[in-house]
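Remarks on the structure that follows.
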Amino acid sequence: MLVVAAVLFALAALGGIILATLLLKKNDAPVSLALVHGLAAAVGLVLLIIVVTQMPSTGLAGVALVIFLIAALGGFVLFAMHLMRKPLPRGLIFVHGLAAVVAFVLLLIGLRS
């Protein structure tokens, strides 16, 4: 299940890169893409929670989970702002993406060990 979570996070990352590029270039992105991005990340997060809670020692997967939860909070804020048609703060877009990338890298390292 951990590998499936990693694949879902990779798909979410691809969608996030596309979203960020669209938003930073013309400040507009389709809500459908944001939904697919969020859904892939949310399912990956649920799977990661299930796996981590069943581990005797969580290690890097536990750290990745905490950082992914922080990234998810940023994602919820961005999505809510997007729905309200408010301008999305570039700093929040950057921090959201950076947190997710750091968590993803830690998860991949944790998979190898």
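How things are named: the first chain in the structure tokens is A, the next is B, and so on; residues count from 1 in each chain; ligands count from 1 in the order shown.
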Kindly assemble as CSV a list of the region 43-78 of chain A residues that lie within 8 Å of region 88-105 of chain A, each paired with its nearest atom pair and their distance in Å to one decimal, using only C-alpha atoms, sorted first by chain and then by ascending residue number.
```
residue,atom,partner,partner_atom,distance
A:Val63,CA,A:Ala103,CA,7.5
A:Ala64,CA,A:Ala103,CA,4.4
A:Leu65,CA,A:Ala103,CA,7.1
A:Ile67,CA,A:Ala103,CA,5.5
A:Phe68,CA,A:Ala100,CA,5.7
A:Ile70,CA,A:Ala99,CA,7.3
A:Ala71,CA,A:His96,CA,5.0
A:Ala72,CA,A:His96,CA,7.7
A:Gly74,CA,A:His96,CA,5.5
A:Gly75,CA,A:His96,CA,6.5
A:Leu78,CA,A:Leu88,CA,6.5
```
Include N, CA and C atoms and write out the residues we just selected as a PDB file, in the first residue's frame.
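Output (selection-v7.pdb):
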```pdb
ATOM      1  N   VAL A  63       7.453  10.810   9.303  1.00  0.00           N
ATOM      2  CA  VAL A  63       7.837  12.211   9.077  1.00  0.00           C
ATOM      3  C   VAL A  63       7.179  12.726   7.802  1.00  0.00           C
ATOM      4  N   ALA A  64       7.202  11.898   6.747  1.00  0.00           N
ATOM      5  CA  ALA A  64       6.569  12.279   5.483  1.00  0.00           C
ATOM      6  C   ALA A  64       5.075  12.525   5.689  1.00  0.00           C
ATOM      7  N   LEU A  65       4.439  11.693   6.493  1.00  0.00           N
ATOM      8  CA  LEU A  65       3.014  11.857   6.760  1.00  0.00           C
ATOM      9  C   LEU A  65       2.723  13.217   7.387  1.00  0.00           C
ATOM     10  N   ILE A  67       4.472  15.950   7.214  1.00  0.00           N
ATOM     11  CA  ILE A  67       4.711  17.026   6.234  1.00  0.00           C
ATOM     12  C   ILE A  67       3.624  17.027   5.166  1.00  0.00           C
ATOM     13  N   PHE A  68       3.176  15.841   4.734  1.00  0.00           N
ATOM     14  CA  PHE A  68       2.062  15.782   3.781  1.00  0.00           C
ATOM     15  C   PHE A  68       0.793  16.392   4.379  1.00  0.00           C
ATOM     16  N   ILE A  70       0.667  18.844   6.525  1.00  0.00           N
ATOM     17  CA  ILE A  70       0.873  20.296   6.457  1.00  0.00           C
ATOM     18  C   ILE A  70       0.621  20.791   5.031  1.00  0.00           C
ATOM     19  N   ALA A  71       1.152  20.057   4.050  1.00  0.00           N
ATOM     20  CA  ALA A  71       0.924  20.422   2.646  1.00  0.00           C
ATOM     21  C   ALA A  71      -0.567  20.373   2.311  1.00  0.00           C
ATOM     22  N   ALA A  72      -1.268  19.376   2.857  1.00  0.00           N
ATOM     23  CA  ALA A  72      -2.703  19.249   2.600  1.00  0.00           C
ATOM     24  C   ALA A  72      -3.471  20.447   3.142  1.00  0.00           C
ATOM     25  N   GLY A  74      -2.372  23.476   3.386  1.00  0.00           N
ATOM     26  CA  GLY A  74      -2.141  24.540   2.401  1.00  0.00           C
ATOM     27  C   GLY A  74      -2.977  24.323   1.151  1.00  0.00           C
ATOM     28  N   GLY A  75      -3.101  23.077   0.743  1.00  0.00           N
ATOM     29  CA  GLY A  75      -3.907  22.757  -0.432  1.00  0.00           C
ATOM     30  C   GLY A  75      -5.385  23.073  -0.224  1.00  0.00           C
ATOM     31  N   LEU A  78      -5.739  26.817  -0.543  1.00  0.00           N
ATOM     32  CA  LEU A  78      -5.639  27.222  -1.947  1.00  0.00           C
ATOM     33  C   LEU A  78      -6.907  26.867  -2.716  1.00  0.00           C
TER      34      LEU A  78
END
```
Apply DSSP to the structure's backbone, then extract all residues of chain A labelled helix (DSSP H, G or I) and return them as a PyMOL selection string. chain A and resi 2-26+31-53+59-83+90-112
#### Entry: Contact residues around region 44-61 of chain A with only C-alpha atoms at 7 Å, ignoring same-chain residues under 2 positions, as a count of residues only
15
What is the distance, in Å and to one decimal place, between CA of Leu108 (chain A) and CA of Ala12 (chain A)?
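Distance reported for this atom pair: 14.8 Å.
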For each of A:Ile17, A:Val3, A:Leu22, A:Ala29, take the minimum atom-to-atom distance to His82 (chain A), counting only C-alpha atoms, then give the residue where this is smallest.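 Using only C-alpha atoms, His82 (chain A) sits closest to A:Ala29.
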- prompt: Distance CA of Gly38 (chain A)-CA of Thr21 (chain A), one decimal place?
  reply: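 The value is 16.2 Å.
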A straight line from CA of Ala13 (chain A) to CA of Leu83 (chain A) spans 20.4 Å
| query | For Val31 (chain A), which residue among A:Met84, A:Val7, A:Val43, A:Leu14 is the nearest when counting only C-alpha atoms? | reply |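 Residue with the minimum atom-to-atom distance to Val31 (chain A): A:Met84.
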